[in-house]
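Reproduced below: run-v3.txt, with compact mmCIF, C-alpha atoms and all ligand atoms.
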```txt
# COMPACT_ATOMS: atom_id res chain seq x y z
CA MET A 15 123.93 121.75 139.37
CA LEU A 16 124.50 118.83 141.72
CA VAL A 17 126.27 115.75 140.38
CA LEU A 18 126.56 112.50 142.31
CA GLY A 19 129.71 110.52 141.47
CA ILE A 20 130.07 106.76 141.93
CA GLU A 21 133.47 105.01 141.71
CA THR A 22 133.60 101.20 141.90
CA SER A 23 136.31 100.23 139.39
CA CYS A 24 138.54 98.28 141.76
CA ASP A 25 138.82 97.88 145.52
CA GLU A 26 137.40 101.17 146.76
CA THR A 27 133.78 102.31 146.86
CA GLY A 28 133.90 106.08 146.38
CA ILE A 29 130.85 108.35 146.47
CA ALA A 30 130.80 112.14 146.17
CA ILE A 31 128.57 115.09 145.36
CA TYR A 32 129.96 117.96 143.31
CA ASP A 33 128.18 121.30 142.95
CA THR A 34 129.15 123.11 139.73
CA GLU A 35 128.74 126.45 141.53
CA LYS A 36 130.05 125.73 145.00
CA GLY A 37 132.53 122.88 144.45
CA LEU A 38 132.79 119.63 146.32
CA VAL A 39 129.86 119.13 148.71
CA GLY A 40 131.17 115.95 150.31
CA HIS A 41 132.66 112.56 149.66
CA ARG A 42 132.77 109.08 151.18
CA LEU A 43 135.26 106.28 150.70
CA HIS A 44 135.12 102.69 151.77
CA SER A 45 138.37 100.78 151.25
CA GLN A 46 138.36 96.99 150.80
CA VAL A 47 142.01 96.64 151.82
CA GLU A 48 141.19 94.36 154.76
CA ILE A 49 139.17 92.00 152.58
CA HIS A 50 141.91 91.54 149.98
CA ALA A 51 144.98 91.76 152.23
CA GLN A 52 144.79 88.10 153.26
CA TYR A 53 145.00 87.09 149.56
CA GLY A 54 147.91 89.43 148.75
CA GLY A 55 145.94 91.21 146.01
CA VAL A 56 142.47 92.15 144.81
CA VAL A 57 140.03 89.24 144.41
CA PRO A 58 137.58 90.53 141.76
CA GLU A 59 134.50 88.60 142.91
CA LEU A 60 134.96 89.72 146.52
CA ALA A 61 135.40 93.28 145.28
CA SER A 62 132.07 93.22 143.38
CA ARG A 63 130.19 91.75 146.34
CA ASP A 64 131.54 94.36 148.72
CA HIS A 65 130.64 97.22 146.35
CA ILE A 66 127.06 95.87 146.34
CA ARG A 67 127.00 96.02 150.14
CA LYS A 68 128.44 99.51 150.40
CA VAL A 69 127.32 101.63 147.48
CA ILE A 70 123.70 102.40 148.48
CA PRO A 71 124.40 102.99 152.20
CA LEU A 72 127.21 105.38 151.24
CA ILE A 73 124.92 107.30 148.86
CA ASP A 74 122.27 107.55 151.60
CA ASP A 75 124.88 108.66 154.09
CA ILE A 76 126.28 111.45 151.94
CA LEU A 77 122.82 112.74 151.03
CA ILE A 78 121.71 112.81 154.67
CA SER A 79 124.87 114.45 155.97
CA SER A 80 124.81 117.04 153.16
CA ASN A 81 121.18 117.81 153.95
CA LEU A 82 120.12 116.89 150.43
CA GLY A 83 117.33 114.76 149.02
CA LYS A 84 117.98 112.60 145.97
CA HIS A 85 115.43 114.64 144.01
CA GLN A 86 117.81 117.60 144.24
CA LEU A 87 120.44 115.78 142.16
CA ASP A 88 120.82 116.96 138.55
CA ALA A 89 122.95 114.10 137.15
CA ILE A 90 124.69 110.90 138.16
CA ALA A 91 128.22 110.10 137.03
CA TYR A 92 129.79 106.67 137.34
CA THR A 93 133.08 105.03 136.40
CA ALA A 94 132.41 103.06 133.20
CA GLY A 95 135.98 101.73 132.84
CA PRO A 96 138.71 100.71 132.72
CA GLY A 97 138.61 98.38 135.71
CA LEU A 98 137.25 95.06 136.97
CA VAL A 99 134.08 94.33 135.02
CA GLY A 100 132.05 92.96 137.94
CA ALA A 101 133.03 95.88 140.13
CA LEU A 102 132.27 98.43 137.39
CA LEU A 103 128.86 96.85 136.78
CA VAL A 104 127.79 97.51 140.37
CA GLY A 105 128.38 101.27 140.07
CA ALA A 106 126.97 101.41 136.54
CA CYS A 107 123.75 99.58 137.45
CA VAL A 108 123.12 101.68 140.55
CA ALA A 109 123.89 104.92 138.66
CA LYS A 110 121.67 104.07 135.69
CA SER A 111 118.76 102.84 137.84
CA LEU A 112 118.89 105.88 140.07
CA ALA A 113 119.15 108.25 137.10
CA TRP A 114 116.26 106.50 135.35
CA GLY A 115 114.14 106.62 138.52
CA LEU A 116 114.87 110.33 139.04
CA ASP A 117 114.61 111.09 135.30
CA ILE A 118 118.00 112.82 135.18
CA PRO A 119 121.07 112.24 132.95
CA CYS A 120 123.57 109.52 133.66
CA ILE A 121 127.19 110.19 132.70
CA PRO A 122 129.77 107.45 132.09
CA VAL A 123 133.26 108.56 133.15
CA HIS A 124 136.66 107.16 132.14
CA HIS A 125 138.48 106.30 135.38
CA MET A 126 141.78 107.76 134.16
CA GLU A 127 140.06 110.99 133.10
CA GLY A 128 138.82 111.17 136.67
CA HIS A 129 142.40 110.87 137.96
CA LEU A 130 143.63 113.36 135.37
CA LEU A 131 141.10 116.03 136.36
CA ALA A 132 141.40 115.42 140.14
CA PRO A 133 143.98 118.25 140.63
CA MET A 134 141.25 120.64 139.42
CA LEU A 135 139.47 120.07 142.73
CA GLU A 136 142.35 121.96 144.39
CA ASP A 137 143.13 125.64 144.66
CA PRO A 138 144.94 126.79 142.57
CA ALA A 139 143.63 124.47 139.88
CA PRO A 140 145.67 123.87 136.72
CA GLU A 141 144.45 125.47 133.53
CA PHE A 142 144.48 123.74 130.15
CA PRO A 143 146.80 122.92 128.43
CA PHE A 144 149.05 120.83 130.65
CA LEU A 145 151.21 117.74 130.70
CA ALA A 146 149.79 114.94 132.86
CA LEU A 147 151.69 112.07 134.41
CA LEU A 148 149.10 109.44 135.32
CA VAL A 149 150.59 106.81 137.57
CA SER A 150 148.36 104.14 139.08
CA GLY A 151 148.22 100.41 139.69
CA GLY A 152 147.18 99.72 136.10
CA HIS A 153 148.54 102.67 134.11
CA THR A 154 151.65 104.75 133.50
CA LEU A 155 150.72 107.45 131.02
CA LEU A 156 152.26 110.71 129.88
CA VAL A 157 149.48 112.73 128.30
CA GLU A 158 149.27 116.10 126.59
CA VAL A 159 145.98 117.57 127.79
CA LYS A 160 144.59 120.36 125.60
CA GLY A 161 141.07 120.40 127.02
CA LEU A 162 138.29 118.18 128.33
CA GLY A 163 138.49 114.89 126.44
CA ASP A 164 141.33 116.20 124.27
CA TYR A 165 144.14 113.86 125.23
CA THR A 166 147.22 112.93 123.22
CA LEU A 167 149.17 109.98 124.56
CA LEU A 168 152.89 110.78 124.53
CA GLY A 169 154.21 107.71 126.35
CA SER A 170 153.17 104.69 128.38
CA SER A 171 154.67 101.63 130.00
CA VAL A 172 155.61 98.80 127.67
CA ASP A 173 155.24 96.29 130.53
CA ASP A 174 154.28 96.71 134.22
CA ALA A 175 152.52 99.88 135.31
CA VAL A 176 154.53 101.81 137.89
CA GLY A 177 152.10 101.03 140.73
CA GLU A 178 152.22 97.37 139.75
CA ALA A 179 156.04 97.48 139.89
CA PHE A 180 155.82 99.03 143.37
CA ASP A 181 153.37 96.32 144.46
CA LYS A 182 155.38 93.41 143.00
CA THR A 183 158.67 94.67 144.42
CA ALA A 184 157.01 95.20 147.80
CA LYS A 185 155.82 91.59 147.68
CA LEU A 186 159.41 90.42 147.01
CA LEU A 187 160.47 92.40 150.07
CA GLY A 188 157.83 90.63 152.14
CA LEU A 189 155.65 93.73 152.56
CA GLY A 190 151.89 93.38 152.68
CA TYR A 191 149.21 94.51 150.24
CA PRO A 192 148.92 97.26 149.07
CA GLY A 193 152.65 97.32 148.58
CA GLY A 194 153.28 100.82 147.20
CA PRO A 195 152.82 102.82 150.40
CA ALA A 196 154.62 100.12 152.45
CA LEU A 197 157.63 100.17 150.12
CA ALA A 198 157.73 103.97 150.21
CA LYS A 199 157.72 103.86 154.03
CA LEU A 200 160.57 101.32 154.11
CA ALA A 201 162.58 103.35 151.58
CA GLU A 202 162.69 106.26 154.06
CA SER A 203 165.16 104.33 156.22
CA GLY A 204 167.18 102.99 153.27
CA ASP A 205 170.72 104.05 152.36
CA GLU A 206 170.62 105.95 149.07
CA LYS A 207 174.26 105.13 148.26
CA ARG A 208 174.35 101.35 148.75
CA PHE A 209 172.66 100.19 145.50
CA THR A 210 172.11 101.90 142.17
CA PHE A 211 169.28 100.50 140.07
CA PRO A 212 169.03 101.18 136.31
CA ARG A 213 166.92 104.03 134.90
CA PRO A 214 165.04 101.98 132.27
CA MET A 215 164.68 103.32 128.70
CA THR A 216 166.33 106.66 129.49
CA ASP A 217 169.40 105.94 127.33
CA ARG A 218 167.38 106.26 124.12
CA PRO A 219 164.92 108.85 122.81
CA GLY A 220 161.21 108.45 123.46
CA LEU A 221 158.71 108.80 126.26
CA ASP A 222 157.76 105.19 126.96
CA PHE A 223 158.51 103.49 130.26
CA SER A 224 159.49 99.97 131.32
CA PHE A 225 159.39 98.87 134.95
CA SER A 226 159.48 95.09 134.98
CA GLY A 227 163.31 95.10 134.82
CA LEU A 228 163.50 97.04 138.08
CA LYS A 229 161.53 94.33 139.85
CA THR A 230 163.93 91.69 138.47
CA PHE A 231 166.89 93.83 139.54
CA ALA A 232 165.40 93.97 143.05
CA ARG A 233 164.95 90.18 143.09
CA ASN A 234 168.54 89.57 141.97
CA THR A 235 169.93 92.05 144.48
CA LEU A 236 167.92 90.41 147.23
CA SER A 237 169.18 86.92 146.45
CA LYS A 238 172.79 88.15 146.17
CA GLU A 239 172.92 90.43 149.20
CA GLY A 240 170.67 88.58 151.64
CA ASP A 241 167.30 89.52 153.02
CA ASP A 242 168.16 91.17 156.33
CA PRO A 243 165.99 94.21 157.22
CA LYS A 244 168.71 96.72 156.35
CA THR A 245 169.29 95.27 152.89
CA LYS A 246 165.56 95.29 152.24
CA ALA A 247 165.31 98.96 153.19
CA ASP A 248 168.32 99.79 150.99
CA ILE A 249 166.72 97.94 148.05
CA ALA A 250 163.42 99.78 148.61
CA ARG A 251 165.32 103.08 148.54
CA ALA A 252 167.26 102.19 145.37
CA PHE A 253 164.04 101.06 143.66
CA GLU A 254 162.15 104.23 144.56
CA ASP A 255 165.07 106.47 143.56
CA ALA A 256 165.25 104.73 140.16
CA VAL A 257 161.50 105.16 139.58
CA VAL A 258 161.55 108.83 140.57
CA ASP A 259 164.64 109.61 138.48
CA THR A 260 163.16 107.87 135.44
CA MET A 261 159.90 109.82 135.80
CA VAL A 262 161.79 113.11 136.13
CA ILE A 263 163.88 112.39 133.00
CA LYS A 264 160.79 111.49 130.94
CA CYS A 265 158.75 114.45 132.18
CA ARG A 266 161.59 116.84 131.37
CA ARG A 267 161.71 115.42 127.84
CA ALA A 268 157.94 115.67 127.43
CA LEU A 269 157.93 119.31 128.61
CA ILE A 270 160.59 120.18 126.05
CA GLN A 271 158.80 118.25 123.29
CA THR A 272 155.42 119.90 123.93
CA GLY A 273 156.57 123.34 125.11
CA LEU A 274 154.20 123.00 128.09
CA HIS A 275 154.91 124.68 131.45
CA ARG A 276 152.34 123.00 133.67
CA LEU A 277 152.64 119.47 135.00
CA VAL A 278 149.87 117.51 136.67
CA ILE A 279 150.59 114.31 138.61
CA ALA A 280 147.68 112.05 139.42
CA GLY A 281 146.83 108.45 140.23
CA GLY A 282 147.70 106.31 143.25
CA VAL A 283 151.48 106.56 142.83
CA GLY A 284 151.06 110.34 142.81
CA ALA A 285 150.71 109.96 146.58
CA ASN A 286 154.41 109.04 146.69
CA ILE A 287 156.24 111.85 148.46
CA ALA A 288 159.63 111.21 146.82
CA LEU A 289 158.00 111.37 143.38
CA ARG A 290 156.21 114.62 144.25
CA GLN A 291 159.47 116.10 145.51
CA GLY A 292 161.48 115.01 142.43
CA LEU A 293 158.90 116.45 140.05
CA SER A 294 158.48 119.64 142.12
CA ASP A 295 162.25 120.19 141.85
CA LEU A 296 162.06 119.59 138.09
CA MET A 297 159.27 122.15 137.66
CA THR A 298 161.17 124.72 139.76
CA SER A 299 164.26 124.19 137.59
CA VAL A 300 162.31 124.84 134.37
CA ASN A 301 160.29 127.73 135.81
CA GLY A 302 157.08 125.79 135.46
CA LYS A 303 154.26 124.88 137.82
CA ILE A 304 153.29 121.57 139.33
CA PHE A 305 149.78 120.50 140.38
CA TYR A 306 148.62 117.42 142.22
CA PRO A 307 145.53 116.38 144.13
CA ARG A 308 145.54 116.10 147.93
CA ILE A 309 146.81 112.64 148.94
CA GLU A 310 143.32 111.17 149.46
CA PHE A 311 142.31 112.14 145.91
CA CYS A 312 145.44 110.56 144.36
CA THR A 313 144.15 107.06 145.00
CA ASP A 314 140.70 106.00 143.82
CA ASN A 315 137.84 108.18 145.06
CA GLY A 316 134.36 109.35 144.17
CA ALA A 317 135.21 113.06 144.10
CA MET A 318 137.21 112.79 140.88
CA ILE A 319 134.34 110.95 139.20
CA ALA A 320 131.74 113.48 140.39
CA TYR A 321 134.01 116.29 139.14
CA ALA A 322 134.75 114.72 135.73
CA GLY A 323 131.04 113.90 135.41
CA ALA A 324 130.11 117.50 136.24
CA MET A 325 132.51 118.84 133.59
CA ARG A 326 131.03 116.47 131.00
CA PHE A 327 127.50 117.32 132.14
CA LYS A 328 128.18 121.04 131.61
CA ALA A 329 129.56 120.25 128.15
CA GLY A 330 126.48 118.18 127.29
CA GLY A 331 128.24 114.81 127.35
CA PHE A 332 125.42 112.57 128.58
CA GLY A 333 125.36 108.79 128.49
CA GLU A 334 122.65 106.39 127.41
CA ALA A 335 120.97 103.39 129.00
CA LYS A 336 122.69 101.08 126.51
CA ASP A 337 126.22 102.20 127.49
CA VAL A 338 128.38 99.26 128.55
CA VAL A 339 131.22 99.13 131.07
CA ARG A 340 134.69 98.39 129.69
CA ALA A 341 137.51 96.48 131.37
CA ARG A 342 139.91 97.99 128.84
CA TRP A 343 139.39 101.46 127.45
CA PRO A 344 142.33 103.45 126.01
CA LEU A 345 142.17 107.06 127.23
CA GLU A 346 142.98 108.33 123.71
CA GLU A 347 139.62 107.01 122.49
CA LEU A 348 137.89 109.90 124.27
CA LYS A 349 136.95 112.83 122.08
CA ALA A 350 137.29 116.54 122.80
CA ILE A 351 133.96 118.00 123.91
O1 LIG B 1 144.92 104.97 141.40
P1 LIG B 1 144.92 103.82 142.33
O2 LIG B 1 144.32 104.01 143.71
O3 LIG B 1 144.19 102.59 141.72
C1 LIG B 1 144.30 102.27 140.37
O4 LIG B 1 143.54 102.90 139.57
O5 LIG B 1 145.18 101.46 140.06
O6 LIG B 1 146.46 103.36 142.46
C2 LIG B 1 146.84 102.31 143.27
C3 LIG B 1 148.33 102.11 143.13
C4 LIG B 1 148.82 100.83 143.81
O7 LIG B 1 149.71 100.17 142.94
C5 LIG B 1 149.53 101.38 145.05
O8 LIG B 1 150.56 100.54 145.51
C6 LIG B 1 150.09 102.69 144.53
O9 LIG B 1 149.04 103.21 143.73
N1 LIG B 1 150.42 103.64 145.60
C7 LIG B 1 151.68 104.05 145.88
C8 LIG B 1 151.58 104.92 147.00
N2 LIG B 1 150.26 105.01 147.36
C9 LIG B 1 149.58 104.21 146.50
N3 LIG B 1 152.85 103.77 145.29
C10 LIG B 1 153.96 104.35 145.80
N4 LIG B 1 153.96 105.17 146.86
C11 LIG B 1 152.81 105.49 147.49
N5 LIG B 1 152.83 106.32 148.54
ZN ZN B 2 142.72 104.62 139.91
```
Take the structure I supplied and represent it as C-alpha cells, if you would.
Ligand code: KG4
Ligand code: ZN
Amino acid sequence: MLVLGIETSCDETGIAIYDTEKGLVGHRLHSQVEIHAQYGGVVPELASRDHIRKVIPLIDDILISSNLGKHQLDAIAYTAGPGLVGALLVGACVAKSLAWGLDIPCIPVHHMEGHLLAPMLEDPAPEFPFLALLVSGGHTLLVEVKGLGDYTLLGSSVDDAVGEAFDKTAKLLGLGYPGGPALAKLAESGDEKRFTFPRPMTDRPGLDFSFSGLKTFARNTLSKEGDDPKTKADIARAFEDAVVDTMVIKCRRALIQTGLHRLVIAGGVGANIALRQGLSDLMTSVNGKIFYPRIEFCTDNGAMIAYAGAMRFKAGGFGEAKDVVRARWPLEELKAI
C-alpha cells in the first residue's frame, strides 16, 4: 500500500510516500526559514501562502522521481492539527481534494503522533510499549505509549514549551530565528562551570516541566554579567545544561514510575546533540534502550505523517470529508485503534 503524507502545520512543507511493504519511498521538504527570518518568527499568513505555492509542485516532484503515478496511491494522509489553522487548511484541502478525485481514503494525522512514531522509520525501530519524550516548538510532553493511538500523558510543560524556551533565550542572546539550533551551536564554546542555572520543578515530585524561569534567569544573568560574546556563550551553555539535566531527571522518574525500558525522543528539540547524549547516558545507566529519528526527521517533515497515516490506514482509521483541522488538539484525545 502506498500512502502519500502531507505536512503543512507550521513553517515547513513536507511531502513523503510510504510503502507499507517496502518502507519510505521518498520525501521532500521545503523550509520557509528565509521567509520568516526577517520577522524573527513565523508569520502565519506568509506560511499559508507559501504552502499553497509549494505543496502541489512537491507532490508532483516526488511522484515523478519515484516513478509513480498518482493513481498508484492507496491513501493520502495529512496533518490535521495541532498547528497554524491557515497552514493546516492548505494541506487538508489538497489532501481531501486529491483523495476525492482518486477515490481513495484520506487520513487525518495528529502532528505530535507523527513526531512520536517517527523513530519507527529507523532500524532498529522501537516496539510498543515505550516512554516518549516529545519536545518541539509548541510541546513538551512525556507520554506512556502502549500502542497506536494509546497514549497516556504523564507530564507536560506548565508554561513555555522547551523549543519555545530555546527560541526565546536565543533571541535574548541576539541569535537569529530559528533560535534552538543557533543556541546549541553557541553553547558548544561555552564554559560549563561559569554559571549554574536552576533545574525547574525537580525539587518536588511529579513529571511536569516549567521553562519560562530559565529564560528569565538568562535575561538576568545577561544584564548582570554583560553581553560580551564569551558571556553569551557561557549563558547558552548553562541554559542547555539545565534543560538537558531537567529532562534526564524527569525521564528517569517516568521510567521508574511506568517500569518501561525503552525511551523515544522526538520533535525538533530531539535534534539537540547534548540532549541526545544526556538521555543516551541515562538509558545506558538503567540498562534500557533509546530510540530517536535521524536529525532531519526530528523537525517537521512529511515522512512522519506518511508513516503515521500508513499505520492508521492499516488499522482502518480513515477520515471523512467533514473532518476539520484543529489549531489545538490534545494528544490524549486520540483513541487506541
Ligand atoms: O518539531 P519542530 O520542527 O516544530 C514544531 O512542531 O514545533 O520543532 C521546532 C523547534 C524549534 O523551537 C527549534 O528551535 C527547536 O525545535 N530545535 C532545536 C534544535 N533544532 C531544532 N532546539 C535545540 N537544539 C537543536 N539542535
Ligand atoms: Zn513539529
Centre, edges in Å (one decimal): axis-aligned box, segment 28-32 of chain A, 5 Å padding on all six sides, as lines of an AutoDock Vina configuration file:
```
center_x = 131.2
center_y = 112.0
center_z = 144.9
size_x = 15.3
size_y = 21.9
size_z = 13.2
```
Mind checking which residues fall within 8 Å of segment 270-287 of chain A, counting all atoms listed in the file, ignoring those fewer than 2 positions away in the same chain, and posting them as a tab-separated table (two decimals) with C-alpha atoms, keeping the file's coordinate frame?
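The resulting file, out-v1.tsv, is shown below:
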```tsv
chain	number	residue	atom	x	y	z
A	126	MET	CA	141.78	107.76	134.16
A	129	HIS	CA	142.40	110.87	137.96
A	130	LEU	CA	143.63	113.36	135.37
A	132	ALA	CA	141.40	115.42	140.14
A	133	PRO	CA	143.98	118.25	140.63
A	140	PRO	CA	145.67	123.87	136.72
A	143	PRO	CA	146.80	122.92	128.43
A	144	PHE	CA	149.05	120.83	130.65
A	145	LEU	CA	151.21	117.74	130.70
A	146	ALA	CA	149.79	114.94	132.86
A	147	LEU	CA	151.69	112.07	134.41
A	148	LEU	CA	149.10	109.44	135.32
A	149	VAL	CA	150.59	106.81	137.57
A	150	SER	CA	148.36	104.14	139.08
A	151	GLY	CA	148.22	100.41	139.69
A	158	GLU	CA	149.27	116.10	126.59
A	176	VAL	CA	154.53	101.81	137.89
A	177	GLY	CA	152.10	101.03	140.73
A	194	GLY	CA	153.28	100.82	147.20
A	195	PRO	CA	152.82	102.82	150.40
A	198	ALA	CA	157.73	103.97	150.21
A	266	ARG	CA	161.59	116.84	131.37
A	267	ARG	CA	161.71	115.42	127.84
A	268	ALA	CA	157.94	115.67	127.43
A	289	LEU	CA	158.00	111.37	143.38
A	290	ARG	CA	156.21	114.62	144.25
A	291	GLN	CA	159.47	116.10	145.51
A	297	MET	CA	159.27	122.15	137.66
A	300	VAL	CA	162.31	124.84	134.37
A	301	ASN	CA	160.29	127.73	135.81
A	302	GLY	CA	157.08	125.79	135.46
A	303	LYS	CA	154.26	124.88	137.82
A	304	ILE	CA	153.29	121.57	139.33
A	305	PHE	CA	149.78	120.50	140.38
A	306	TYR	CA	148.62	117.42	142.22
A	307	PRO	CA	145.53	116.38	144.13
A	309	ILE	CA	146.81	112.64	148.94
A	312	CYS	CA	145.44	110.56	144.36
A	313	THR	CA	144.15	107.06	145.00
A	314	ASP	CA	140.70	106.00	143.82
```
- Message: Rounded to one decimal, what separation in Å do you get between atom CA of Arg308 of chain A and atom CA of Ser23 of chain A?
- Response: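 It comes out at 20.2 Å.
The list of residues with at least one atom within 7 Å of segment 93-106 of chain A, based on all atoms listed in the file and without residues fewer than 3 positions apart in the same chain, reads Ile20, Glu21, Thr22, Ser23, Cys24, Pro58, Ala61, Ser62, His65, Ile66, Ala109, Lys110, Pro122, Val123, His124, His125, Ile319, Val339, Arg340, Ala341, Arg342 and Trp343 of chain A.
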Generate a file of the selected residues that holds C-alpha atoms, formatted as a PDB file, in the frame of the given file.
```pdb
ATOM      1  CA  ILE A  20     130.070 106.760 141.930  1.00  0.00           C
ATOM      2  CA  GLU A  21     133.470 105.010 141.710  1.00  0.00           C
ATOM      3  CA  THR A  22     133.600 101.200 141.900  1.00  0.00           C
ATOM      4  CA  SER A  23     136.310 100.230 139.390  1.00  0.00           C
ATOM      5  CA  CYS A  24     138.540  98.280 141.760  1.00  0.00           C
ATOM      6  CA  PRO A  58     137.580  90.530 141.760  1.00  0.00           C
ATOM      7  CA  ALA A  61     135.400  93.280 145.280  1.00  0.00           C
ATOM      8  CA  SER A  62     132.070  93.220 143.380  1.00  0.00           C
ATOM      9  CA  HIS A  65     130.640  97.220 146.350  1.00  0.00           C
ATOM     10  CA  ILE A  66     127.060  95.870 146.340  1.00  0.00           C
ATOM     11  CA  ALA A 109     123.890 104.920 138.660  1.00  0.00           C
ATOM     12  CA  LYS A 110     121.670 104.070 135.690  1.00  0.00           C
ATOM     13  CA  PRO A 122     129.770 107.450 132.090  1.00  0.00           C
ATOM     14  CA  VAL A 123     133.260 108.560 133.150  1.00  0.00           C
ATOM     15  CA  HIS A 124     136.660 107.160 132.140  1.00  0.00           C
ATOM     16  CA  HIS A 125     138.480 106.300 135.380  1.00  0.00           C
ATOM     17  CA  ILE A 319     134.340 110.950 139.200  1.00  0.00           C
ATOM     18  CA  VAL A 339     131.220  99.130 131.070  1.00  0.00           C
ATOM     19  CA  ARG A 340     134.690  98.390 129.690  1.00  0.00           C
ATOM     20  CA  ALA A 341     137.510  96.480 131.370  1.00  0.00           C
ATOM     21  CA  ARG A 342     139.910  97.990 128.840  1.00  0.00           C
ATOM     22  CA  TRP A 343     139.390 101.460 127.450  1.00  0.00           C
TER      23      TRP A 343
END
```
So that I can check the surroundings of segment 33-38 of chain A, please list as a compact mmCIF listing (two decimals) with C-alpha atoms, keeping the file's coordinate frame every protein, DNA and RNA residue that reaches within 9 Å of it, counting only C-alpha atoms and ignoring chain neighbours fewer than 4 positions away.
```txt
# COMPACT_ATOMS: atom_id res chain seq x y z
CA MET A 15 123.93 121.75 139.37
CA LEU A 16 124.50 118.83 141.72
CA VAL A 17 126.27 115.75 140.38
CA LEU A 18 126.56 112.50 142.31
CA LEU A 135 139.47 120.07 142.73
CA ALA A 317 135.21 113.06 144.10
CA ALA A 320 131.74 113.48 140.39
CA TYR A 321 134.01 116.29 139.14
CA ALA A 324 130.11 117.50 136.24
CA MET A 325 132.51 118.84 133.59
CA LYS A 328 128.18 121.04 131.61
```
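Residue neighbourhood of Cys120 of chain A, excluding near-sequence residues (fewer than 6 positions): A:Ala89, A:Ile90, A:Ala91, A:Ala113, A:Gly333, at 6 Å, using all atoms listed in the file.
Using all atoms listed in the file, the protein and nucleic acid residues lying no more than 7 Å from Leu131 of chain A, apart from those fewer than 4 places from it along its own chain, are Glu127, Met318 and Ala322 of chain A.
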- Pick out the closest residue to ligand LIG 1 (chain B) from this set: A:Asp295, A:Asp137, A:Glu26, A:Glu178. Count all atoms listed in the file.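 The shortest atom-to-atom distance to ligand LIG 1 (chain B) comes from A:Glu178.
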- Could you tell me how far atom CA of Val159 of chain A lies from atom CA of Phe142 of chain A, in Å and to one decimal?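 Interatomic distance, atom CA of Val159 of chain A to atom CA of Phe142 of chain A: 6.8 Å.
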- Query: Within 6 Å of (133.5, 108.3, 147.7), all atoms listed in the file: residues as number ranges by chain?
  - Reply: A: 28-30, 41-43, 315-316
- Atomic separation - atom CA of Lys238 of chain A relative to atom CA of Lys199 of chain A, Å: 23.1 Å
- Note on the structure: Using all atoms listed in the file, the shortest atom-to-atom distance to Gly193 of chain A among A:Gly55, A:Val39, A:Leu77, A:Arg213 belongs to A:Gly55
- Name the closest residue to ligand ZN 2 (chain B) among the candidates A:Leu189, A:Ile70, A:Ala196, A:Ala175; distances are taken between atoms, counting all atoms listed in the file.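 For ligand ZN 2 (chain B), the nearest of the candidates is A:Ala175.
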- Message: Considering all atoms listed in the file, can you say which of A:Glu136, A:Gly115, A:His153, A:Glu202 comes closest to ligand ZN 2 (chain B)?
- Response: A:His153
- Using all atoms listed in the file, which of the listed residues (A:Asp75, A:Glu59, A:Glu346, A:Asp64) sits closest to Ser45 of chain A? A:Asp64
- Item | Nearest residue to Gly323 of chain A from the set A:Pro219, A:Gly54, A:Gly128, A:Gly163 (distances using only C-alpha atoms) |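 So, comparing all the options, the nearest one is A:Gly128.
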